[in-house]
Amino acid sequence: MPQNYDIAELKRLDVAHHLPAQQDYKLIEDMGGSRIVTHAEGCYIHDGDGNRILDGMAGLWCVNVGYGREELVEAATRQMRELPYYNTFFKTVTPPTVLLAQRIAGLTGGKLQHVFFNTSGSEANDTVFRMVRHYWKVKGEPKRTVFISRWNAYHGSTVAGVSLGGMKFMHEQGNLPVPGVEHVRQPYWFGEGFGQDKVQFGKDCAAAIEERILAVGPENVAAFIGEPVQGAGGVIIPPDGYWQEVEAICRKYGILLVADEVICGFGRTGNWFAHQTLGFTPDMVAMAKGLSSGYQPISATAVSSDIVEVLKTGGDFVHGFTYSGHPVAAAVALANIDILDHEGLVTRTRDDTGPYLANALKRLDGHELVGETRSIGLLGAVEIVSKPGTNERWGGKEGNAGPVVRDHCIANGLMVRGIRDTIVMCPPLIITHQQIDDMVDIIARSLDQALPDLQAL
Ligand SMILES: *Cc1c(COP(=O)(O)O)cnc(C)c1O
């Protein structure tokens, strides 16, 4: 049960002292402080104002096993008693860290047999950034330094994460991207390919990668990085065949293929990893979020044996963090994977709740404000349009319909995210049919209520 907090005082202190993530500080001040989330159970969060909110975002795309899992509390407690911390710098490692590496290698399979640990998804991608460039140098091809990524990709908030990412508004802060990152078009059919044949559109988007490789010179390109399904960009599910084309292009020019599975991993799309769902084989995989269901900060970068064999000829790889392989985080991640496994949450997402969500979303397809619904596993999106049957937006340009509808959803008891003109959802994998229906009903009601606000955009 929650402690007896003074919520008004906490809000005042929040404004006075706390700087939140990715936020407008003045806006929070004008609001009188952030919403104070006090406790949670299952698929519901509770705030200090007494609201119980269905968590359609699984926290921030991470609480895959839901809230209130005693097994994870126990795993952390046991490990903290036995050994709360030790590092992996001193030719040392802790038992849970080794066991988690083995566990992840078993799930990724194939050549992805090695794992480097970090504490966030951004750091997992920083590890990609440094390891890929170091790999090519050791291999004797030091000119291969360029990363190819997509516009509107999200790869984190560190310098390397923002640079690899394709969010222009993030690049504008901090003089980014760093040199050596090339961005190409994203496979966003509804926004950028509307009216075209979907599969052909996907092929064209993949062809843009090859064109850029040729423009940069294949001998200069180190890797292509992409989220199998873009998350923060708006749950963008690429057309069928896109990833097969991308993989073929990478192989053709000997370029490493990196999957950023920070959201897609650990059951989200109905398999342990989305590259399995979408049918391609990366050389490296970044993972975080669902790895511990957010109960501890931990991320991992899975690396192919081919890469590791080369690194072994290069001496020290001088990269790593104080908390790389943190034993408490690793113990919690192991227990989290046990839950996903024992409760069949991955196959349930594939065979039951994922298809159920897709069907439930279809109920919105007839709504006059909905241009498209799409989902893969338990990752879904609703496109908001100003005219049925088109991809035209309120206010006449790509804009803010998503946040407008989101605010109604939250007021109606559902936490979702509004990204430009979409509502996105990513509920815990324990979600029930009834809760999926509730989620879709609340979105439908919120769309109706939002109409006057949208007309004013
Ligand atoms: C969230 C996210 C990241 C960054 O993870 P952090 O833990 O916030 O650093 C990177 N890539 C993708 C695809 C993400 O969704």
# chains A, B, ... in the order shown; residues from 1 in each chain; ligands from 1
>>> residues_near_ligand(ligand="ligand 1", cutoff="6 Å", atoms="only C-alpha atoms and all ligand atoms", output="PDB file with all heavy atoms, in the first residue's frame")
ATOM      1  N   SER A 120      20.704   1.312 -19.702  1.00  0.00           N
ATOM      2  CA  SER A 120      19.573   1.919 -20.421  1.00  0.00           C
ATOM      3  C   SER A 120      19.635   1.548 -21.897  1.00  0.00           C
ATOM      4  O   SER A 120      20.682   1.145 -22.409  1.00  0.00           O
ATOM      5  CB  SER A 120      19.608   3.440 -20.280  1.00  0.00           C
ATOM      6  OG  SER A 120      20.705   3.960 -21.011  1.00  0.00           O
ATOM      7  N   GLY A 121      18.517   1.757 -22.561  1.00  0.00           N
ATOM      8  CA  GLY A 121      18.474   1.499 -23.997  1.00  0.00           C
ATOM      9  C   GLY A 121      19.433   2.410 -24.750  1.00  0.00           C
ATOM     10  O   GLY A 121      20.076   1.996 -25.720  1.00  0.00           O
ATOM     11  N   SER A 122      19.522   3.663 -24.302  1.00  0.00           N
ATOM     12  CA  SER A 122      20.453   4.591 -24.950  1.00  0.00           C
ATOM     13  C   SER A 122      21.879   4.050 -24.878  1.00  0.00           C
ATOM     14  O   SER A 122      22.615   4.076 -25.873  1.00  0.00           O
ATOM     15  CB  SER A 122      20.401   5.951 -24.261  1.00  0.00           C
ATOM     16  OG  SER A 122      19.102   6.487 -24.273  1.00  0.00           O
ATOM     17  N   TYR A 154      13.901   6.269 -33.215  1.00  0.00           N
ATOM     18  CA  TYR A 154      14.281   6.631 -31.848  1.00  0.00           C
ATOM     19  C   TYR A 154      15.292   5.617 -31.329  1.00  0.00           C
ATOM     20  O   TYR A 154      14.999   4.432 -31.243  1.00  0.00           O
ATOM     21  CB  TYR A 154      13.069   6.680 -30.895  1.00  0.00           C
ATOM     22  CG  TYR A 154      13.474   7.271 -29.558  1.00  0.00           C
ATOM     23  CD1 TYR A 154      13.690   8.642 -29.427  1.00  0.00           C
ATOM     24  CD2 TYR A 154      13.703   6.471 -28.439  1.00  0.00           C
ATOM     25  CE1 TYR A 154      14.114   9.202 -28.233  1.00  0.00           C
ATOM     26  CE2 TYR A 154      14.121   7.026 -27.234  1.00  0.00           C
ATOM     27  CZ  TYR A 154      14.317   8.388 -27.136  1.00  0.00           C
ATOM     28  OH  TYR A 154      14.745   8.945 -25.951  1.00  0.00           O
ATOM     29  N   HIS A 155      16.480   6.116 -31.011  1.00  0.00           N
ATOM     30  CA  HIS A 155      17.512   5.227 -30.469  1.00  0.00           C
ATOM     31  C   HIS A 155      18.056   5.731 -29.141  1.00  0.00           C
ATOM     32  O   HIS A 155      19.130   5.320 -28.718  1.00  0.00           O
ATOM     33  CB  HIS A 155      18.633   5.033 -31.492  1.00  0.00           C
ATOM     34  CG  HIS A 155      18.180   4.357 -32.749  1.00  0.00           C
ATOM     35  ND1 HIS A 155      17.579   3.111 -32.755  1.00  0.00           N
ATOM     36  CD2 HIS A 155      18.200   4.755 -34.057  1.00  0.00           C
ATOM     37  CE1 HIS A 155      17.275   2.769 -34.007  1.00  0.00           C
ATOM     38  NE2 HIS A 155      17.628   3.750 -34.810  1.00  0.00           N
ATOM     39  N   GLY A 156      17.338   6.645 -28.495  1.00  0.00           N
ATOM     40  CA  GLY A 156      17.735   7.069 -27.157  1.00  0.00           C
ATOM     41  C   GLY A 156      18.084   8.537 -27.073  1.00  0.00           C
ATOM     42  O   GLY A 156      17.969   9.286 -28.054  1.00  0.00           O
ATOM     43  N   GLU A 227      14.807   0.114 -35.709  1.00  0.00           N
ATOM     44  CA  GLU A 227      13.848  -0.582 -34.853  1.00  0.00           C
ATOM     45  C   GLU A 227      13.004  -1.457 -35.775  1.00  0.00           C
ATOM     46  O   GLU A 227      12.467  -0.954 -36.780  1.00  0.00           O
ATOM     47  CB  GLU A 227      12.929   0.439 -34.168  1.00  0.00           C
ATOM     48  CG  GLU A 227      13.616   1.518 -33.356  1.00  0.00           C
ATOM     49  CD  GLU A 227      12.757   2.796 -33.284  1.00  0.00           C
ATOM     50  OE1 GLU A 227      11.849   2.849 -32.446  1.00  0.00           O
ATOM     51  OE2 GLU A 227      12.998   3.739 -34.083  1.00  0.00           O
ATOM     52  N   GLY A 231       8.888   2.546 -32.473  1.00  0.00           N
ATOM     53  CA  GLY A 231       7.992   2.749 -31.339  1.00  0.00           C
ATOM     54  C   GLY A 231       7.661   4.205 -31.123  1.00  0.00           C
ATOM     55  O   GLY A 231       6.569   4.674 -31.473  1.00  0.00           O
ATOM     56  N   ALA A 232       8.628   4.960 -30.583  1.00  0.00           N
ATOM     57  CA  ALA A 232       8.396   6.363 -30.255  1.00  0.00           C
ATOM     58  C   ALA A 232       8.067   7.183 -31.494  1.00  0.00           C
ATOM     59  O   ALA A 232       7.453   8.252 -31.398  1.00  0.00           O
ATOM     60  CB  ALA A 232       9.628   6.938 -29.551  1.00  0.00           C
ATOM     61  N   ASP A 260      17.409  -2.460 -33.205  1.00  0.00           N
ATOM     62  CA  ASP A 260      17.148  -1.841 -31.902  1.00  0.00           C
ATOM     63  C   ASP A 260      15.801  -2.370 -31.416  1.00  0.00           C
ATOM     64  O   ASP A 260      14.743  -1.904 -31.825  1.00  0.00           O
ATOM     65  CB  ASP A 260      17.138  -0.318 -32.022  1.00  0.00           C
ATOM     66  CG  ASP A 260      16.871   0.362 -30.674  1.00  0.00           C
ATOM     67  OD1 ASP A 260      16.498  -0.348 -29.713  1.00  0.00           O
ATOM     68  OD2 ASP A 260      17.027   1.596 -30.595  1.00  0.00           O
ATOM     69  N   GLU A 261      15.885  -3.377 -30.536  1.00  0.00           N
ATOM     70  CA  GLU A 261      14.684  -4.059 -30.045  1.00  0.00           C
ATOM     71  C   GLU A 261      14.344  -3.614 -28.626  1.00  0.00           C
ATOM     72  O   GLU A 261      13.781  -4.387 -27.843  1.00  0.00           O
ATOM     73  CB  GLU A 261      14.903  -5.580 -30.079  1.00  0.00           C
ATOM     74  CG  GLU A 261      15.114  -6.131 -31.480  1.00  0.00           C
ATOM     75  CD  GLU A 261      14.068  -7.173 -31.850  1.00  0.00           C
ATOM     76  OE1 GLU A 261      13.001  -7.220 -31.203  1.00  0.00           O
ATOM     77  OE2 GLU A 261      14.343  -7.937 -32.793  1.00  0.00           O
ATOM     78  N   VAL A 262      14.702  -2.373 -28.299  1.00  0.00           N
ATOM     79  CA  VAL A 262      14.478  -1.902 -26.928  1.00  0.00           C
ATOM     80  C   VAL A 262      12.993  -1.986 -26.555  1.00  0.00           C
ATOM     81  O   VAL A 262      12.656  -2.372 -25.442  1.00  0.00           O
ATOM     82  CB  VAL A 262      15.053  -0.483 -26.742  1.00  0.00           C
ATOM     83  CG1 VAL A 262      14.618   0.119 -25.417  1.00  0.00           C
ATOM     84  CG2 VAL A 262      16.593  -0.531 -26.793  1.00  0.00           C
ATOM     85  N   ILE A 263      12.110  -1.677 -27.510  1.00  0.00           N
ATOM     86  CA  ILE A 263      10.672  -1.862 -27.261  1.00  0.00           C
ATOM     87  C   ILE A 263      10.200  -3.233 -27.743  1.00  0.00           C
ATOM     88  O   ILE A 263       9.419  -3.902 -27.081  1.00  0.00           O
ATOM     89  CB  ILE A 263       9.849  -0.758 -27.978  1.00  0.00           C
ATOM     90  CG1 ILE A 263      10.015   0.575 -27.246  1.00  0.00           C
ATOM     91  CG2 ILE A 263       8.368  -1.142 -28.053  1.00  0.00           C
ATOM     92  CD1 ILE A 263       9.350   1.756 -27.927  1.00  0.00           C
TER      93      ILE A 263
END
>>> select_by_dssp(residues="segment 379-444 of chain A", states="helix (DSSP H, G or I)", output="list in words")
Trp394, Gly395, Gly396, Ala401, Gly402, Pro403, Val404, Val405, Arg406, Asp407, His408, Cys409, Ile410, Ala411, His433, Gln434, Gln435, Ile436, Asp437, Asp438, Met439, Val440, Asp441, Ile442, Ile443 and Ala444 of chain A
>>> residues_around(residues="Glu398 of chain A", least_positions_apart="3", cutoff="9 Å", atoms="only C-alpha atoms", output="VMD selection string")
chain A and resid 191 392 to 395 401 420 to 421
>>> write_last_selection(atoms="N, CA, C and O atoms", output="tab-separated table (two decimals), in the first residue's frame")
chain	number	residue	atom	x	y	z
A	191	GLY	N	1.67	7.68	-43.49
A	191	GLY	CA	2.06	9.09	-43.54
A	191	GLY	C	2.73	9.49	-44.84
A	191	GLY	O	2.56	10.61	-45.31
A	392	GLU	N	-5.54	13.12	-44.42
A	392	GLU	CA	-5.50	14.56	-44.14
A	392	GLU	C	-5.62	14.82	-42.64
A	392	GLU	O	-6.33	14.12	-41.94
A	393	ARG	N	-4.90	15.84	-42.19
A	393	ARG	CA	-4.80	16.08	-40.74
A	393	ARG	C	-5.55	17.32	-40.30
A	393	ARG	O	-5.70	18.27	-41.07
A	394	TRP	N	-5.92	17.33	-39.06
A	394	TRP	CA	-6.55	18.51	-38.46
A	394	TRP	C	-5.54	19.65	-38.45
A	394	TRP	O	-4.38	19.46	-38.15
A	395	GLY	N	-6.03	20.83	-38.80
A	395	GLY	CA	-5.15	21.99	-38.85
A	395	GLY	C	-4.40	22.08	-40.17
A	395	GLY	O	-3.59	22.97	-40.36
A	401	ALA	N	-2.96	16.22	-33.24
A	401	ALA	CA	-4.23	15.57	-32.90
A	401	ALA	C	-4.02	14.48	-31.85
A	401	ALA	O	-4.87	14.27	-30.98
A	420	ARG	N	2.40	12.99	-32.62
A	420	ARG	CA	1.88	13.74	-33.78
A	420	ARG	C	0.37	13.48	-33.91
A	420	ARG	O	-0.37	13.87	-33.02
A	421	ASP	N	-0.06	12.79	-34.97
A	421	ASP	CA	-1.50	12.58	-35.16
A	421	ASP	C	-1.92	11.13	-34.90
A	421	ASP	O	-2.90	10.66	-35.46
>>> atom_distance(atom1="atom CA of Met284 of chain A", atom2="atom CA of Ile148 of chain A")
14.5 Å
>>> closest_atom_pairs(of="segment 353-442 of chain A", to="segment 342-347 of chain A", cutoff="10 Å", atoms="only C-alpha atoms", output="Markdown table")
| residue | atom | partner | partner_atom | distance |
| --- | --- | --- | --- | --- |
| A:Thr353 | CA | A:Thr347 | CA | 9.2 |
| A:Gly354 | CA | A:Thr347 | CA | 9.5 |
| A:Gly377 | CA | A:Val346 | CA | 9.1 |
| A:Pro428 | CA | A:Leu345 | CA | 9.8 |
| A:Leu429 | CA | A:Leu345 | CA | 6.2 |
| A:Ile430 | CA | A:Leu345 | CA | 6.9 |
| A:Ile431 | CA | A:Leu345 | CA | 9.8 |
>>> atom_distance(atom1="atom CA of Val440 of chain A", atom2="atom CA of Leu361 of chain A")
6.4 Å
>>> residues_around(residues="Ala40 of chain A", least_positions_apart="2", cutoff="7 Å", atoms="only C-alpha atoms", output="PDB file with C-alpha atoms, in the first residue's frame")
ATOM      1  CA  GLY A  42      -1.555  -5.519 -12.589  1.00  0.00           C
ATOM      2  CA  TYR A  44      -3.465  -0.198 -13.397  1.00  0.00           C
ATOM      3  CA  ILE A  45      -1.580   2.782 -12.032  1.00  0.00           C
ATOM      4  CA  HIS A  46      -2.877   5.064  -9.273  1.00  0.00           C
ATOM      5  CA  TYR A  67       2.882  -4.282 -11.747  1.00  0.00           C
ATOM      6  CA  GLY A  68       3.073  -5.860  -8.318  1.00  0.00           C
TER       7      GLY A  68
END
>>> select_by_dssp(residues="segment 135-216 of chain A", states="strand (DSSP E or B)", output="list of chain:residue names")
A:Val146, A:Phe147, A:Ile148, A:Ser149, A:Arg150, A:Val181, A:Glu182, A:His183, A:Val184
>>> write_last_selection(atoms="C-alpha atoms", output="PDB file, in the first residue's frame")
ATOM      1  CA  VAL A 146      29.211   5.594 -41.224  1.00  0.00           C
ATOM      2  CA  PHE A 147      25.905   4.491 -39.709  1.00  0.00           C
ATOM      3  CA  ILE A 148      22.765   4.538 -41.778  1.00  0.00           C
ATOM      4  CA  SER A 149      19.539   5.103 -39.861  1.00  0.00           C
ATOM      5  CA  ARG A 150      16.038   6.365 -40.623  1.00  0.00           C
ATOM      6  CA  VAL A 181      25.300   9.246 -39.313  1.00  0.00           C
ATOM      7  CA  GLU A 182      23.204   9.275 -42.484  1.00  0.00           C
ATOM      8  CA  HIS A 183      19.404   9.301 -42.319  1.00  0.00           C
ATOM      9  CA  VAL A 184      17.094   7.865 -44.969  1.00  0.00           C
TER      10      VAL A 184
END
>>> atom_distance(atom1="atom CA of Lys26 of chain A", atom2="atom CA of Phe169 of chain A")
18.2 Å
>>> residues_around(residues="Ala76 of chain A", least_positions_apart="4", cutoff="7 Å", atoms="only C-alpha atoms", output="PDB file with N, CA and C atoms, in the first residue's frame")
ATOM      1  N   LEU A  72       9.623 -10.687  -8.500  1.00  0.00           N
ATOM      2  CA  LEU A  72      10.704  -9.760  -8.861  1.00  0.00           C
ATOM      3  C   LEU A  72      11.217  -9.034  -7.618  1.00  0.00           C
ATOM      4  N   MET A  80      20.270  -8.599  -3.265  1.00  0.00           N
ATOM      5  CA  MET A  80      20.839  -7.476  -2.508  1.00  0.00           C
ATOM      6  C   MET A  80      21.451  -7.963  -1.205  1.00  0.00           C
ATOM      7  N   VAL A 328      21.955  -7.101  -9.147  1.00  0.00           N
ATOM      8  CA  VAL A 328      20.547  -7.021  -8.732  1.00  0.00           C
ATOM      9  C   VAL A 328      19.655  -6.889  -9.968  1.00  0.00           C
ATOM     10  N   ALA A 331      19.554 -10.231 -11.706  1.00  0.00           N
ATOM     11  CA  ALA A 331      18.710 -11.213 -11.000  1.00  0.00           C
ATOM     12  C   ALA A 331      17.233 -10.933 -11.284  1.00  0.00           C
ATOM     13  N   VAL A 332      16.864  -9.657 -11.305  1.00  0.00           N
ATOM     14  CA  VAL A 332      15.472  -9.293 -11.577  1.00  0.00           C
ATOM     15  C   VAL A 332      15.115  -9.623 -13.031  1.00  0.00           C
TER      16      VAL A 332
END
>>> closest_residue(among="A:Val318, A:Val63, A:Met57, A:Ala444", to="Met131 of chain A", atoms="only C-alpha atoms")
A:Val318
>>> residues_around(residues="Asn125 of chain A", least_positions_apart="5", cutoff="12 Å", atoms="only C-alpha atoms", output="ChimeraX atom specification")
/A:116-120,130-132,147,154-165,225-227,258-262,284-288,299-302
>>> residues_around(residues="Ala105 of chain A", least_positions_apart="3", cutoff="8 Å", atoms="only C-alpha atoms", output="PyMOL selection string")
chain A and resi 101-102+108-109+112-115+302
>>> write_last_selection(atoms="all heavy atoms", output="PDB file, in the first residue's frame")
ATOM      1  N   ALA A 101      23.312 -13.584 -19.283  1.00  0.00           N
ATOM      2  CA  ALA A 101      23.917 -13.578 -20.623  1.00  0.00           C
ATOM      3  C   ALA A 101      23.570 -14.878 -21.349  1.00  0.00           C
ATOM      4  O   ALA A 101      23.177 -14.877 -22.524  1.00  0.00           O
ATOM      5  CB  ALA A 101      25.426 -13.388 -20.520  1.00  0.00           C
ATOM      6  N   GLN A 102      23.705 -15.999 -20.626  1.00  0.00           N
ATOM      7  CA  GLN A 102      23.375 -17.291 -21.229  1.00  0.00           C
ATOM      8  C   GLN A 102      21.899 -17.345 -21.626  1.00  0.00           C
ATOM      9  O   GLN A 102      21.539 -17.815 -22.710  1.00  0.00           O
ATOM     10  CB  GLN A 102      23.675 -18.415 -20.227  1.00  0.00           C
ATOM     11  CG  GLN A 102      23.313 -19.789 -20.746  1.00  0.00           C
ATOM     12  CD  GLN A 102      22.845 -20.740 -19.659  1.00  0.00           C
ATOM     13  OE1 GLN A 102      22.390 -20.320 -18.585  1.00  0.00           O
ATOM     14  NE2 GLN A 102      22.975 -22.022 -19.924  1.00  0.00           N
ATOM     15  N   THR A 108      17.953 -15.266 -28.216  1.00  0.00           N
ATOM     16  CA  THR A 108      18.274 -14.669 -29.517  1.00  0.00           C
ATOM     17  C   THR A 108      18.684 -15.775 -30.493  1.00  0.00           C
ATOM     18  O   THR A 108      18.335 -15.732 -31.667  1.00  0.00           O
ATOM     19  CB  THR A 108      19.418 -13.636 -29.407  1.00  0.00           C
ATOM     20  OG1 THR A 108      20.476 -14.186 -28.629  1.00  0.00           O
ATOM     21  CG2 THR A 108      18.935 -12.355 -28.770  1.00  0.00           C
ATOM     22  N   GLY A 109      19.438 -16.746 -29.990  1.00  0.00           N
ATOM     23  CA  GLY A 109      19.794 -17.916 -30.793  1.00  0.00           C
ATOM     24  C   GLY A 109      20.776 -17.598 -31.907  1.00  0.00           C
ATOM     25  O   GLY A 109      21.324 -16.496 -31.994  1.00  0.00           O
ATOM     26  N   LEU A 112      23.990 -15.006 -32.356  1.00  0.00           N
ATOM     27  CA  LEU A 112      23.942 -13.961 -31.310  1.00  0.00           C
ATOM     28  C   LEU A 112      24.168 -14.623 -29.951  1.00  0.00           C
ATOM     29  O   LEU A 112      23.235 -14.835 -29.180  1.00  0.00           O
ATOM     30  CB  LEU A 112      22.605 -13.232 -31.366  1.00  0.00           C
ATOM     31  CG  LEU A 112      22.396 -12.366 -32.610  1.00  0.00           C
ATOM     32  CD1 LEU A 112      20.935 -11.971 -32.761  1.00  0.00           C
ATOM     33  CD2 LEU A 112      23.279 -11.124 -32.566  1.00  0.00           C
ATOM     34  N   GLN A 113      25.423 -14.941 -29.662  1.00  0.00           N
ATOM     35  CA  GLN A 113      25.763 -15.739 -28.483  1.00  0.00           C
ATOM     36  C   GLN A 113      26.480 -14.948 -27.393  1.00  0.00           C
ATOM     37  O   GLN A 113      26.889 -15.520 -26.383  1.00  0.00           O
ATOM     38  CB  GLN A 113      26.623 -16.933 -28.912  1.00  0.00           C
ATOM     39  CG  GLN A 113      25.831 -17.995 -29.657  1.00  0.00           C
ATOM     40  CD  GLN A 113      24.658 -18.512 -28.822  1.00  0.00           C
ATOM     41  OE1 GLN A 113      24.833 -18.904 -27.669  1.00  0.00           O
ATOM     42  NE2 GLN A 113      23.465 -18.472 -29.390  1.00  0.00           N
ATOM     43  N   HIS A 114      26.655 -13.651 -27.594  1.00  0.00           N
ATOM     44  CA  HIS A 114      27.412 -12.845 -26.631  1.00  0.00           C
ATOM     45  C   HIS A 114      26.607 -11.611 -26.250  1.00  0.00           C
ATOM     46  O   HIS A 114      25.918 -11.032 -27.095  1.00  0.00           O
ATOM     47  CB  HIS A 114      28.758 -12.437 -27.224  1.00  0.00           C
ATOM     48  CG  HIS A 114      29.547 -13.616 -27.700  1.00  0.00           C
ATOM     49  ND1 HIS A 114      30.413 -14.322 -26.898  1.00  0.00           N
ATOM     50  CD2 HIS A 114      29.544 -14.250 -28.898  1.00  0.00           C
ATOM     51  CE1 HIS A 114      30.928 -15.326 -27.582  1.00  0.00           C
ATOM     52  NE2 HIS A 114      30.425 -15.309 -28.800  1.00  0.00           N
ATOM     53  N   VAL A 115      26.747 -11.212 -24.981  1.00  0.00           N
ATOM     54  CA  VAL A 115      25.916 -10.120 -24.474  1.00  0.00           C
ATOM     55  C   VAL A 115      26.755  -9.134 -23.667  1.00  0.00           C
ATOM     56  O   VAL A 115      27.543  -9.545 -22.807  1.00  0.00           O
ATOM     57  CB  VAL A 115      24.782 -10.679 -23.578  1.00  0.00           C
ATOM     58  CG1 VAL A 115      23.926  -9.543 -23.035  1.00  0.00           C
ATOM     59  CG2 VAL A 115      23.918 -11.667 -24.349  1.00  0.00           C
ATOM     60  N   ALA A 302      23.240  -7.615 -27.663  1.00  0.00           N
ATOM     61  CA  ALA A 302      23.630  -8.958 -28.100  1.00  0.00           C
ATOM     62  C   ALA A 302      24.505  -8.820 -29.342  1.00  0.00           C
ATOM     63  O   ALA A 302      24.237  -7.988 -30.219  1.00  0.00           O
ATOM     64  CB  ALA A 302      22.405  -9.803 -28.408  1.00  0.00           C
TER      65      ALA A 302
END
>>> closest_residue(among="A:Gly325, A:Gly234, A:Thr38, A:Ala330", to="Gly402 of chain A", atoms="only C-alpha atoms")
A:Gly234
